[in-house]
$ cat start_3.txt   # compact mmCIF, C-alpha atoms
# COMPACT_ATOMS: atom_id res chain seq x y z
CA MET T 16 21.82 17.24 3.56
CA SER T 17 24.32 14.86 2.00
CA GLU T 18 22.72 11.49 2.62
CA ILE T 19 20.61 9.75 5.23
CA LYS T 20 20.89 6.03 5.87
CA LEU T 21 17.98 4.11 7.39
CA SER T 22 17.67 0.46 8.32
CA PHE T 23 14.58 -1.48 9.44
CA ASP T 24 14.05 -5.08 10.49
CA ILE T 25 11.15 -6.96 8.89
CA LYS T 26 9.61 -9.94 10.64
CA HIS T 27 8.04 -12.88 8.83
CA ASN T 28 4.30 -13.28 9.50
CA ASP T 29 4.16 -10.17 11.68
CA PHE T 30 1.02 -8.70 10.14
CA ASP T 31 0.58 -6.38 13.11
CA ARG T 32 3.71 -4.40 12.42
CA ALA T 33 3.64 -4.97 8.68
CA GLY T 34 4.12 -1.72 6.81
CA SER T 35 5.92 0.05 9.65
CA ALA T 36 9.27 0.17 7.79
CA SER T 37 7.63 1.69 4.70
CA SER T 38 5.66 4.09 6.84
CA SER T 39 8.83 5.37 8.57
CA LEU T 40 10.61 5.70 5.23
CA LYS T 41 7.65 7.59 3.80
CA ASN T 42 7.63 10.00 6.74
CA SER T 43 11.35 10.68 6.30
CA LEU T 44 10.77 11.66 2.68
CA LYS T 45 7.91 13.93 3.67
CA GLN T 46 10.12 15.72 6.18
CA LEU T 47 12.78 16.17 3.51
CA GLY T 48 10.28 17.88 1.23
CA TYR T 49 10.15 15.31 -1.56
CA PRO T 50 7.28 15.92 -4.05
CA PRO T 51 4.04 14.03 -3.19
CA GLU T 52 4.09 11.94 -6.37
CA ASP T 53 7.61 10.66 -5.62
CA ILE T 54 6.61 9.93 -2.02
CA ARG T 55 3.62 7.94 -3.25
CA ARG T 56 5.77 5.90 -5.66
CA LEU T 57 8.29 5.20 -2.91
CA ALA T 58 5.56 4.28 -0.41
CA ILE T 59 3.90 1.78 -2.77
CA ALA T 60 7.18 0.17 -3.88
CA SER T 61 8.58 -0.15 -0.37
CA TYR T 62 5.29 -1.45 1.09
CA GLU T 63 5.14 -4.18 -1.57
CA ALA T 64 8.75 -5.16 -0.93
CA GLU T 65 8.17 -5.19 2.83
CA MET T 66 4.99 -7.28 2.50
CA ASN T 67 6.84 -9.78 0.30
CA VAL T 68 9.15 -10.48 3.23
CA VAL T 69 6.27 -10.64 5.74
CA VAL T 70 4.28 -13.05 3.55
CA HIS T 71 6.93 -15.21 1.88
CA ALA T 72 10.34 -14.98 3.47
CA SER T 73 12.07 -15.59 6.73
CA ASP T 74 13.07 -12.41 8.51
CA GLY T 75 14.67 -9.64 6.51
CA LYS T 76 15.62 -6.01 6.47
CA MET T 77 15.05 -2.85 4.51
CA GLU T 78 17.94 -0.46 3.99
CA ALA T 79 17.50 2.92 2.40
CA VAL T 80 19.86 5.71 1.44
CA ILE T 81 18.19 9.05 0.86
CA THR T 82 19.96 11.88 -0.96
CA PRO T 83 18.48 15.13 -2.32
CA GLU T 84 18.24 13.47 -5.76
CA MET T 85 17.07 9.92 -5.06
CA VAL T 86 16.11 7.16 -2.68
CA ASP T 87 18.01 3.91 -2.98
CA VAL T 88 16.27 0.95 -1.32
CA TRP T 89 17.46 -2.62 -0.68
CA VAL T 90 15.14 -5.24 0.79
CA ILE T 91 17.05 -8.37 1.72
CA ASP T 92 15.71 -11.58 3.25
CA GLY T 93 17.18 -14.86 4.44
CA GLY T 94 15.23 -17.24 2.23
CA PRO T 95 13.67 -19.42 0.99
CA GLY T 96 14.30 -17.63 -2.32
CA ILE T 97 12.14 -17.50 -5.46
CA LYS T 98 12.21 -20.58 -7.69
CA ASN T 99 11.28 -18.78 -10.88
CA VAL T 100 11.85 -15.02 -10.84
CA GLU T 101 10.54 -14.59 -14.37
CA LEU T 102 7.17 -16.06 -13.35
CA ALA T 103 7.12 -14.04 -10.11
CA MET T 104 7.51 -10.88 -12.19
CA GLN T 105 4.33 -11.66 -14.16
CA GLU T 106 1.20 -9.82 -13.02
CA GLY T 107 -1.20 -12.23 -11.35
CA TYR T 108 1.32 -14.99 -10.59
CA SER T 109 1.39 -15.76 -6.88
CA THR T 110 2.56 -18.51 -4.56
CA ALA T 111 0.88 -17.03 -1.46
CA PRO T 112 -0.95 -19.52 0.79
CA ASP T 113 -4.78 -19.44 0.91
CA LYS T 114 -4.93 -18.01 4.41
CA ILE T 115 -2.98 -14.99 3.27
CA ARG T 116 -5.01 -14.58 0.10
CA GLU T 117 -8.16 -14.34 2.19
CA LEU T 118 -6.69 -11.16 3.66
CA GLY T 119 -6.35 -9.77 0.16
CA PHE T 120 -2.64 -10.38 -0.20
CA GLY T 121 -1.15 -12.63 -2.85
CA ALA T 122 -2.67 -10.90 -5.86
CA GLY T 123 0.54 -11.49 -7.77
CA MET T 124 1.11 -7.76 -8.21
CA GLY T 125 3.87 -7.13 -5.65
CA LEU T 126 7.01 -7.28 -7.76
CA PRO T 127 5.33 -5.75 -10.84
CA ASN T 128 4.14 -2.86 -8.66
CA ILE T 129 7.67 -2.24 -7.39
CA LYS T 130 9.01 -2.20 -10.93
CA LYS T 131 6.21 0.04 -12.18
CA ASN T 132 6.70 2.64 -9.44
CA SER T 133 10.50 2.80 -9.47
CA ASP T 134 13.06 4.28 -11.87
CA PHE T 135 15.45 1.39 -11.47
CA PHE T 136 14.64 -2.15 -10.37
CA GLU T 137 16.62 -5.34 -9.98
CA ILE T 138 16.01 -8.60 -8.21
CA GLU T 139 18.38 -11.37 -7.33
CA SER T 140 17.16 -14.59 -5.76
CA LYS T 141 18.73 -17.88 -4.88
CA VAL T 142 16.99 -20.94 -3.41
CA PRO T 143 17.30 -21.45 -0.45
CA ASP T 144 19.56 -18.49 0.48
CA GLY T 145 17.16 -15.60 -0.08
CA THR T 146 16.15 -12.64 -2.19
CA LYS T 147 17.52 -9.15 -2.71
CA VAL T 148 15.21 -6.54 -4.17
CA HIS T 149 16.86 -3.27 -5.12
CA PHE T 150 15.03 -0.22 -6.42
CA ILE T 151 15.62 3.49 -6.87
CA ILE T 152 13.15 6.35 -6.88
CA ARG T 153 14.61 9.45 -8.50
CA ARG T 154 13.28 12.82 -7.47
CA LYS T 155 11.22 13.92 -10.45
CA SER T 156 10.31 17.49 -9.72
CA GLY T 157 10.85 20.29 -7.24
CA LYS T 158 14.18 21.46 -5.92
CA MET Y 27 -16.12 16.58 -4.07
CA ARG Y 28 -15.88 16.43 -0.27
CA ILE Y 29 -15.84 13.22 1.75
CA SER Y 30 -18.45 14.78 4.10
CA GLU Y 31 -20.83 15.09 1.14
CA ILE Y 32 -20.81 11.37 0.32
CA LYS Y 33 -20.97 10.46 4.00
CA GLU Y 34 -24.25 12.34 4.23
CA LYS Y 35 -25.76 11.39 0.86
CA LEU Y 36 -24.96 7.66 1.16
CA ASN Y 37 -25.81 7.64 4.87
CA LEU Y 38 -22.47 6.03 5.77
CA THR Y 39 -21.70 4.92 9.32
CA VAL Y 40 -18.63 6.62 10.76
CA VAL Y 41 -15.77 4.43 11.94
CA ASN Y 42 -13.13 7.15 11.93
CA ASP Y 43 -14.37 10.53 10.77
CA GLY Y 44 -12.64 13.19 8.74
CA ASP Y 45 -13.10 15.35 5.70
CA LEU Y 46 -10.99 15.70 2.57
CA GLU Y 47 -11.39 16.74 -1.03
CA PHE Y 48 -11.37 13.71 -3.36
CA GLU Y 49 -11.85 13.00 -7.05
CA ASN Y 50 -11.92 9.30 -7.88
CA GLY Y 51 -13.22 5.95 -6.68
CA TYR Y 52 -11.96 2.37 -6.81
CA VAL Y 53 -13.43 -1.01 -5.83
CA CYS Y 54 -11.21 -4.03 -5.13
CA ASP Y 55 -10.38 -6.44 -2.31
CA LEU Y 56 -6.91 -7.46 -3.45
CA LEU Y 57 -4.47 -5.13 -1.73
CA SER Y 58 -1.71 -5.15 -4.32
CA VAL Y 59 -4.16 -4.53 -7.13
CA VAL Y 60 -5.43 -1.53 -5.18
CA MET Y 61 -1.87 -0.28 -4.63
CA GLY Y 62 -1.08 -0.71 -8.31
CA LYS Y 63 -4.19 0.74 -9.87
CA ILE Y 64 -5.94 3.19 -7.58
CA GLN Y 65 -5.55 6.82 -8.64
CA PRO Y 66 -4.43 9.51 -6.20
CA LYS Y 67 -7.27 11.30 -4.35
CA SER Y 68 -9.58 8.28 -4.36
CA VAL Y 69 -12.11 6.65 -2.07
CA TRP Y 70 -11.66 2.88 -1.80
CA LEU Y 71 -14.54 0.42 -1.52
CA THR Y 72 -13.68 -2.96 -0.02
CA VAL Y 73 -14.90 -5.79 2.20
CA GLN Y 74 -11.48 -6.29 3.81
CA THR Y 75 -11.62 -5.41 7.50
CA HIS Y 76 -8.13 -6.12 8.90
CA LYS Y 77 -5.53 -3.63 9.99
CA ASN Y 78 -3.47 -3.75 6.81
CA ILE Y 79 -6.13 -1.75 4.92
CA VAL Y 80 -5.02 1.25 6.98
CA ALA Y 81 -1.42 0.77 5.84
CA VAL Y 82 -2.54 0.45 2.20
CA ALA Y 83 -4.62 3.64 2.51
CA LYS Y 84 -1.70 5.48 4.04
CA MET Y 85 0.84 4.28 1.48
CA ALA Y 86 -1.35 4.94 -1.57
CA GLU Y 87 -2.67 8.29 -0.22
CA ILE Y 88 -6.26 7.07 -0.25
CA CYS Y 89 -8.75 9.71 0.97
CA ALA Y 90 -11.23 7.34 2.63
CA ILE Y 91 -12.07 3.65 2.96
CA ILE Y 92 -15.70 2.55 2.70
CA ILE Y 93 -16.20 -0.97 4.10
CA CYS Y 94 -19.25 -2.33 2.27
CA ASP Y 95 -21.71 -5.25 2.47
CA GLY Y 96 -22.29 -4.91 6.21
CA PHE Y 97 -18.77 -5.88 7.24
CA SER Y 98 -17.20 -4.23 10.29
CA PRO Y 99 -13.53 -3.38 10.77
CA ASP Y 100 -11.48 -5.30 13.34
CA GLU Y 101 -10.84 -3.48 16.59
CA ASP Y 102 -7.15 -2.95 15.85
CA THR Y 103 -8.10 -1.58 12.41
CA VAL Y 104 -10.10 1.16 14.12
CA GLU Y 105 -7.21 1.89 16.49
CA ALA Y 106 -4.73 2.08 13.61
CA ALA Y 107 -7.05 4.35 11.61
CA LYS Y 108 -7.35 6.76 14.53
CA LYS Y 109 -3.60 6.77 15.09
CA GLU Y 110 -2.76 7.25 11.40
CA GLY Y 111 -5.61 9.62 10.62
CA VAL Y 112 -7.20 7.40 7.97
CA ILE Y 113 -10.90 8.05 7.32
CA ILE Y 114 -13.10 4.92 7.42
CA PHE Y 115 -16.85 4.49 6.96
CA LYS Y 116 -18.96 1.38 6.80
CA THR Y 117 -22.29 0.61 5.21
CA GLU Y 118 -24.81 -2.21 4.79
CA LYS Y 119 -24.96 -1.39 1.07
CA LYS Y 120 -23.16 -3.69 -1.37
CA SER Y 121 -19.92 -2.50 -3.00
CA PHE Y 122 -21.66 -2.52 -6.37
CA GLU Y 123 -24.45 -0.25 -5.13
CA VAL Y 124 -22.08 2.18 -3.41
CA ALA Y 125 -19.95 2.37 -6.56
CA GLY Y 126 -23.06 3.04 -8.67
CA LEU Y 127 -24.30 5.77 -6.36
CA LEU Y 128 -20.89 7.45 -6.34
CA TYR Y 129 -20.65 7.19 -10.11
CA ASN Y 130 -24.01 8.89 -10.49
CA MET Y 131 -22.77 11.68 -8.23
CA GLY Y 132 -19.96 12.31 -10.70
CA VAL Y 133 -17.15 10.31 -9.06
CA LYS Y 134 -15.22 8.40 -11.73

$ encode --input "start_3.txt" --output "structure tokens"
Amino acid sequence: MSEIKLSFDIKHNDFDRAGSASSSLKNSLKQLGYPPEDIRRLAIASYEAEMNVVVHASDGKMEAVITPEMVDVWVIDGGPGIKNVELAMQEGYSTAPDKIRELGFGAGMGLPNIKKNSDFFEIESKVPDGTKVHFIIRRKSGK
Amino acid sequence: MRISEIKEKLNLTVVNDGDLEFENGYVCDLLSVVMGKIQPKSVWLTVQTHKNIVAVAKMAEICAIIICDGFSPDEDTVEAAKKEGVIIFKTEKKSFEVAGLLYNMGVK
């Protein structure tokens, strides 16, 4: 295996299909024999990034490149962008609407969870153009 | 401890049955907090009933969901759980009580 490229569309407000991109990505890693702890980190980080698009953004996509050593994930959306990224990175800070909070989303832990579970994390956001979240999970153990 | 053991001892109602070995427990209704803080091999106590709890359980490798306080899962939650193989029980007992009972059984 040299590298595998995957791309998934993410639809705003589509709570029915929400998580399907992360689920497919997770299954790919399982098939490739990644260690369970790395799969779990990837699954949590990608689910949070996917849900951010479903909850906050217009439509977006998730692109992943998987190699034997690491998984490189980009989640890109078409706006409206984050006004204050520094605040959004703080645990507990959320701009989610009430209706979504009632479902248990909008805890203000999404971006911090991505950072915590990944080995590299960067975010770039511009109002109103959109947000790019980029993270890498490096294979920690196993051959 | 086995999931089947707590199902029997706490008299849980089966939504989607299964049996796994688990070690820990966690109570929370905010999905991202669960994703961030729940330990591997845990049972998760919540009052959320919508389909996304199945995705959270799958992503965070949660052994079983116990829906507490008499709430019932949405129909599509049950369908998703069956499709994804996620174990779900429900109970009339409050989250606090279920957590206490599990704690006394040695689940931390």

$ closest_atom_pairs --input "start_3.txt" --of "chain Y" --to "chain T" --cutoff "12 Å" --atoms "all atoms listed in the file" --output "Markdown table"
| residue | atom | partner | partner_atom | distance |
| --- | --- | --- | --- | --- |
| Y:Cys54 | CA | T:Gly119 | CA | 9.2 |
| Y:Asp55 | CA | T:Gly119 | CA | 5.8 |
| Y:Leu56 | CA | T:Gly119 | CA | 4.3 |
| Y:Leu57 | CA | T:Gly119 | CA | 5.4 |
| Y:Ser58 | CA | T:Met124 | CA | 5.5 |
| Y:Val59 | CA | T:Met124 | CA | 6.3 |
| Y:Val60 | CA | T:Met124 | CA | 9.5 |
| Y:Met61 | CA | T:Ile59 | CA | 6.4 |
| Y:Gly62 | CA | T:Asn128 | CA | 5.7 |
| Y:Lys63 | CA | T:Asn128 | CA | 9.2 |
| Y:Ile64 | CA | T:Ile59 | CA | 11.0 |
| Y:Gln65 | CA | T:Arg55 | CA | 10.7 |
| Y:Pro66 | CA | T:Arg55 | CA | 8.7 |
| Y:Lys67 | CA | T:Arg55 | CA | 11.4 |
| Y:Thr72 | CA | T:Gly119 | CA | 10.0 |
| Y:Val73 | CA | T:Gly119 | CA | 9.6 |
| Y:Gln74 | CA | T:Leu118 | CA | 6.8 |
| Y:Thr75 | CA | T:Leu118 | CA | 8.5 |
| Y:His76 | CA | T:Leu118 | CA | 7.4 |
| Y:Lys77 | CA | T:Asp31 | CA | 7.4 |
| Y:Asn78 | CA | T:Ala33 | CA | 7.5 |
| Y:Ile79 | CA | T:Gly119 | CA | 9.3 |
| Y:Val80 | CA | T:Gly34 | CA | 9.6 |
| Y:Ala81 | CA | T:Gly34 | CA | 6.2 |
| Y:Val82 | CA | T:Tyr62 | CA | 8.1 |
| Y:Ala83 | CA | T:Ile59 | CA | 10.2 |
| Y:Lys84 | CA | T:Ser38 | CA | 8.0 |
| Y:Met85 | CA | T:Ala58 | CA | 5.1 |
| Y:Ala86 | CA | T:Arg55 | CA | 6.0 |
| Y:Glu87 | CA | T:Arg55 | CA | 7.0 |
| Y:Ile88 | CA | T:Arg55 | CA | 10.4 |
| Y:Asp102 | CA | T:Asp31 | CA | 8.9 |
| Y:Thr103 | CA | T:Asp31 | CA | 9.9 |
| Y:Glu105 | CA | T:Asp31 | CA | 11.9 |
| Y:Ala106 | CA | T:Asp31 | CA | 10.0 |
| Y:Glu110 | CA | T:Ser38 | CA | 10.1 |

$ write_last_selection --input "start_3.txt" --atoms "C-alpha atoms" --output "short mmCIF file (atom, residue, chain, number, x, y, z; two decimals), in the coordinates of the input"
data_model
loop_
_atom_site.label_atom_id
_atom_site.label_comp_id
_atom_site.auth_asym_id
_atom_site.auth_seq_id
_atom_site.Cartn_x
_atom_site.Cartn_y
_atom_site.Cartn_z
CA CYS Y 54 -11.21 -4.03 -5.13
CA ASP Y 55 -10.38 -6.44 -2.31
CA LEU Y 56 -6.91 -7.46 -3.45
CA LEU Y 57 -4.47 -5.13 -1.73
CA SER Y 58 -1.71 -5.15 -4.32
CA VAL Y 59 -4.16 -4.53 -7.13
CA VAL Y 60 -5.43 -1.53 -5.18
CA MET Y 61 -1.87 -0.28 -4.63
CA GLY Y 62 -1.08 -0.71 -8.31
CA LYS Y 63 -4.19 0.74 -9.87
CA ILE Y 64 -5.94 3.19 -7.58
CA GLN Y 65 -5.55 6.82 -8.64
CA PRO Y 66 -4.43 9.51 -6.20
CA LYS Y 67 -7.27 11.30 -4.35
CA THR Y 72 -13.68 -2.96 -0.02
CA VAL Y 73 -14.90 -5.79 2.20
CA GLN Y 74 -11.48 -6.29 3.81
CA THR Y 75 -11.62 -5.41 7.50
CA HIS Y 76 -8.13 -6.12 8.90
CA LYS Y 77 -5.53 -3.63 9.99
CA ASN Y 78 -3.47 -3.75 6.81
CA ILE Y 79 -6.13 -1.75 4.92
CA VAL Y 80 -5.02 1.25 6.98
CA ALA Y 81 -1.42 0.77 5.84
CA VAL Y 82 -2.54 0.45 2.20
CA ALA Y 83 -4.62 3.64 2.51
CA LYS Y 84 -1.70 5.48 4.04
CA MET Y 85 0.84 4.28 1.48
CA ALA Y 86 -1.35 4.94 -1.57
CA GLU Y 87 -2.67 8.29 -0.22
CA ILE Y 88 -6.26 7.07 -0.25
CA ASP Y 102 -7.15 -2.95 15.85
CA THR Y 103 -8.10 -1.58 12.41
CA GLU Y 105 -7.21 1.89 16.49
CA ALA Y 106 -4.73 2.08 13.61
CA GLU Y 110 -2.76 7.25 11.40
#

$ residues_around --input "start_3.txt" --residues "Ile32 in chain Y" --least-positions-apart "2" --cutoff "12 Å" --atoms "only C-alpha atoms" --output "PDB file with C-alpha atoms, in the frame of the given file"
ATOM      1  CA  MET Y  27     -16.120  16.580  -4.070  1.00  0.00           C
ATOM      2  CA  ARG Y  28     -15.880  16.430  -0.270  1.00  0.00           C
ATOM      3  CA  ILE Y  29     -15.840  13.220   1.750  1.00  0.00           C
ATOM      4  CA  SER Y  30     -18.450  14.780   4.100  1.00  0.00           C
ATOM      5  CA  GLU Y  34     -24.250  12.340   4.230  1.00  0.00           C
ATOM      6  CA  LYS Y  35     -25.760  11.390   0.860  1.00  0.00           C
ATOM      7  CA  LEU Y  36     -24.960   7.660   1.160  1.00  0.00           C
ATOM      8  CA  ASN Y  37     -25.810   7.640   4.870  1.00  0.00           C
ATOM      9  CA  LEU Y  38     -22.470   6.030   5.770  1.00  0.00           C
ATOM     10  CA  THR Y  39     -21.700   4.920   9.320  1.00  0.00           C
ATOM     11  CA  VAL Y  40     -18.630   6.620  10.760  1.00  0.00           C
ATOM     12  CA  GLY Y  44     -12.640  13.190   8.740  1.00  0.00           C
ATOM     13  CA  ASP Y  45     -13.100  15.350   5.700  1.00  0.00           C
ATOM     14  CA  LEU Y  46     -10.990  15.700   2.570  1.00  0.00           C
ATOM     15  CA  GLU Y  47     -11.390  16.740  -1.030  1.00  0.00           C
ATOM     16  CA  PHE Y  48     -11.370  13.710  -3.360  1.00  0.00           C
ATOM     17  CA  GLU Y  49     -11.850  13.000  -7.050  1.00  0.00           C
ATOM     18  CA  GLY Y  51     -13.220   5.950  -6.680  1.00  0.00           C
ATOM     19  CA  VAL Y  69     -12.110   6.650  -2.070  1.00  0.00           C
ATOM     20  CA  ALA Y  90     -11.230   7.340   2.630  1.00  0.00           C
ATOM     21  CA  ILE Y  91     -12.070   3.650   2.960  1.00  0.00           C
ATOM     22  CA  ILE Y  92     -15.700   2.550   2.700  1.00  0.00           C
ATOM     23  CA  PHE Y 115     -16.850   4.490   6.960  1.00  0.00           C
ATOM     24  CA  THR Y 117     -22.290   0.610   5.210  1.00  0.00           C
ATOM     25  CA  VAL Y 124     -22.080   2.180  -3.410  1.00  0.00           C
ATOM     26  CA  ALA Y 125     -19.950   2.370  -6.560  1.00  0.00           C
ATOM     27  CA  LEU Y 127     -24.300   5.770  -6.360  1.00  0.00           C
ATOM     28  CA  LEU Y 128     -20.890   7.450  -6.340  1.00  0.00           C
ATOM     29  CA  TYR Y 129     -20.650   7.190 -10.110  1.00  0.00           C
ATOM     30  CA  ASN Y 130     -24.010   8.890 -10.490  1.00  0.00           C
ATOM     31  CA  MET Y 131     -22.770  11.680  -8.230  1.00  0.00           C
ATOM     32  CA  GLY Y 132     -19.960  12.310 -10.700  1.00  0.00           C
ATOM     33  CA  VAL Y 133     -17.150  10.310  -9.060  1.00  0.00           C
TER      34      VAL Y 133
END

$ residues_around --input "start_3.txt" --residues "His27 in chain T" --least-positions-apart "6" --cutoff "7 Å" --atoms "all atoms listed in the file" --output "PyMOL selection string"
chain T and resi 68-70+72-74

$ axis_aligned_box --input "start_3.txt" --around "range 72-89 of chain Y" --padding-each-side "5 Å" --output "lines of an AutoDock Vina configuration file"
center_x = -7.0
center_y = 1.7
center_z = 4.2
size_x = 25.7
size_y = 26.0
size_z = 21.6

$ atom_distance --input "start_3.txt" --atom1 "CA of Ala36 in chain T" --atom2 "CA of Phe23 in chain T"
5.8 Å

$ atom_distance --input "start_3.txt" --atom1 "CA of Ile114 in chain Y" --atom2 "CA of Val41 in chain Y"
5.3 Å

$ atom_distance --input "start_3.txt" --atom1 "CA of Met85 in chain T" --atom2 "CA of Ile152 in chain T"
5.6 Å

$ residues_around --input "start_3.txt" --residues "Pro50 in chain T" --least-positions-apart "4" --cutoff "9 Å" --atoms "all atoms listed in the file" --output "CSV table (one decimal) with C-alpha atoms, in the coordinates of the input"
chain,number,residue,atom,x,y,z
T,44,LEU,CA,10.8,11.7,2.7
T,45,LYS,CA,7.9,13.9,3.7
T,54,ILE,CA,6.6,9.9,-2.0
T,55,ARG,CA,3.6,7.9,-3.2
T,154,ARG,CA,13.3,12.8,-7.5
T,155,LYS,CA,11.2,13.9,-10.4
T,156,SER,CA,10.3,17.5,-9.7
T,157,GLY,CA,10.8,20.3,-7.2

$ decode --input "start_3.txt" --residues "range 31-38 of chain T" --atoms "all heavy atoms" --output "CSV table (one decimal), in the first residue's frame"
chain,number,residue,atom,x,y,z
T,31,ASP,N,-29.4,13.0,9.6
T,31,ASP,CA,-29.7,11.6,9.3
T,31,ASP,C,-28.4,10.9,8.8
T,31,ASP,O,-28.1,9.8,9.2
T,31,ASP,CB,-30.7,11.4,8.2
T,31,ASP,CG,-32.1,11.3,8.8
T,31,ASP,OD1,-32.2,11.2,10.0
T,31,ASP,OD2,-33.1,11.4,8.0
T,32,ARG,N,-27.7,11.6,8.0
T,32,ARG,CA,-26.4,11.0,7.4
T,32,ARG,C,-25.2,11.4,8.2
T,32,ARG,O,-24.1,10.9,7.9
T,32,ARG,CB,-26.3,11.3,5.9
T,32,ARG,CG,-27.0,10.4,5.0
T,32,ARG,CD,-26.7,10.7,3.6
T,32,ARG,NE,-25.3,10.7,3.3
T,32,ARG,CZ,-24.6,11.6,2.6
T,32,ARG,NH1,-25.3,12.6,2.1
T,32,ARG,NH2,-23.3,11.5,2.4
T,33,ALA,N,-25.4,12.3,9.2
T,33,ALA,CA,-24.2,12.8,9.9
T,33,ALA,C,-23.4,11.7,10.5
T,33,ALA,O,-24.0,10.8,11.2
T,33,ALA,CB,-24.7,13.7,11.0
T,34,GLY,N,-22.1,11.7,10.3
T,34,GLY,CA,-21.2,10.7,10.8
T,34,GLY,C,-20.9,9.7,9.8
T,34,GLY,O,-20.0,8.8,10.1
T,35,SER,N,-21.5,9.7,8.6
T,35,SER,CA,-21.3,8.6,7.7
T,35,SER,C,-19.9,8.7,7.1
T,35,SER,O,-19.2,7.7,6.8
T,35,SER,CB,-22.3,8.6,6.6
T,35,SER,OG,-22.3,9.8,5.9
T,36,ALA,N,-19.4,10.0,6.9
T,36,ALA,CA,-18.0,10.1,6.3
T,36,ALA,C,-17.0,9.5,7.3
T,36,ALA,O,-16.1,8.8,7.0
T,36,ALA,CB,-17.7,11.6,6.1
T,37,SER,N,-17.1,9.9,8.6
T,37,SER,CA,-16.2,9.4,9.6
T,37,SER,C,-16.3,7.9,9.8
T,37,SER,O,-15.3,7.2,10.0
T,37,SER,CB,-16.5,10.1,11.0
T,37,SER,OG,-16.7,11.4,10.8
T,38,SER,N,-17.5,7.4,9.7
T,38,SER,CA,-17.7,6.0,9.8
T,38,SER,C,-17.0,5.2,8.7
T,38,SER,O,-16.3,4.2,8.9
T,38,SER,CB,-19.2,5.7,9.8
T,38,SER,OG,-19.4,4.3,10.1
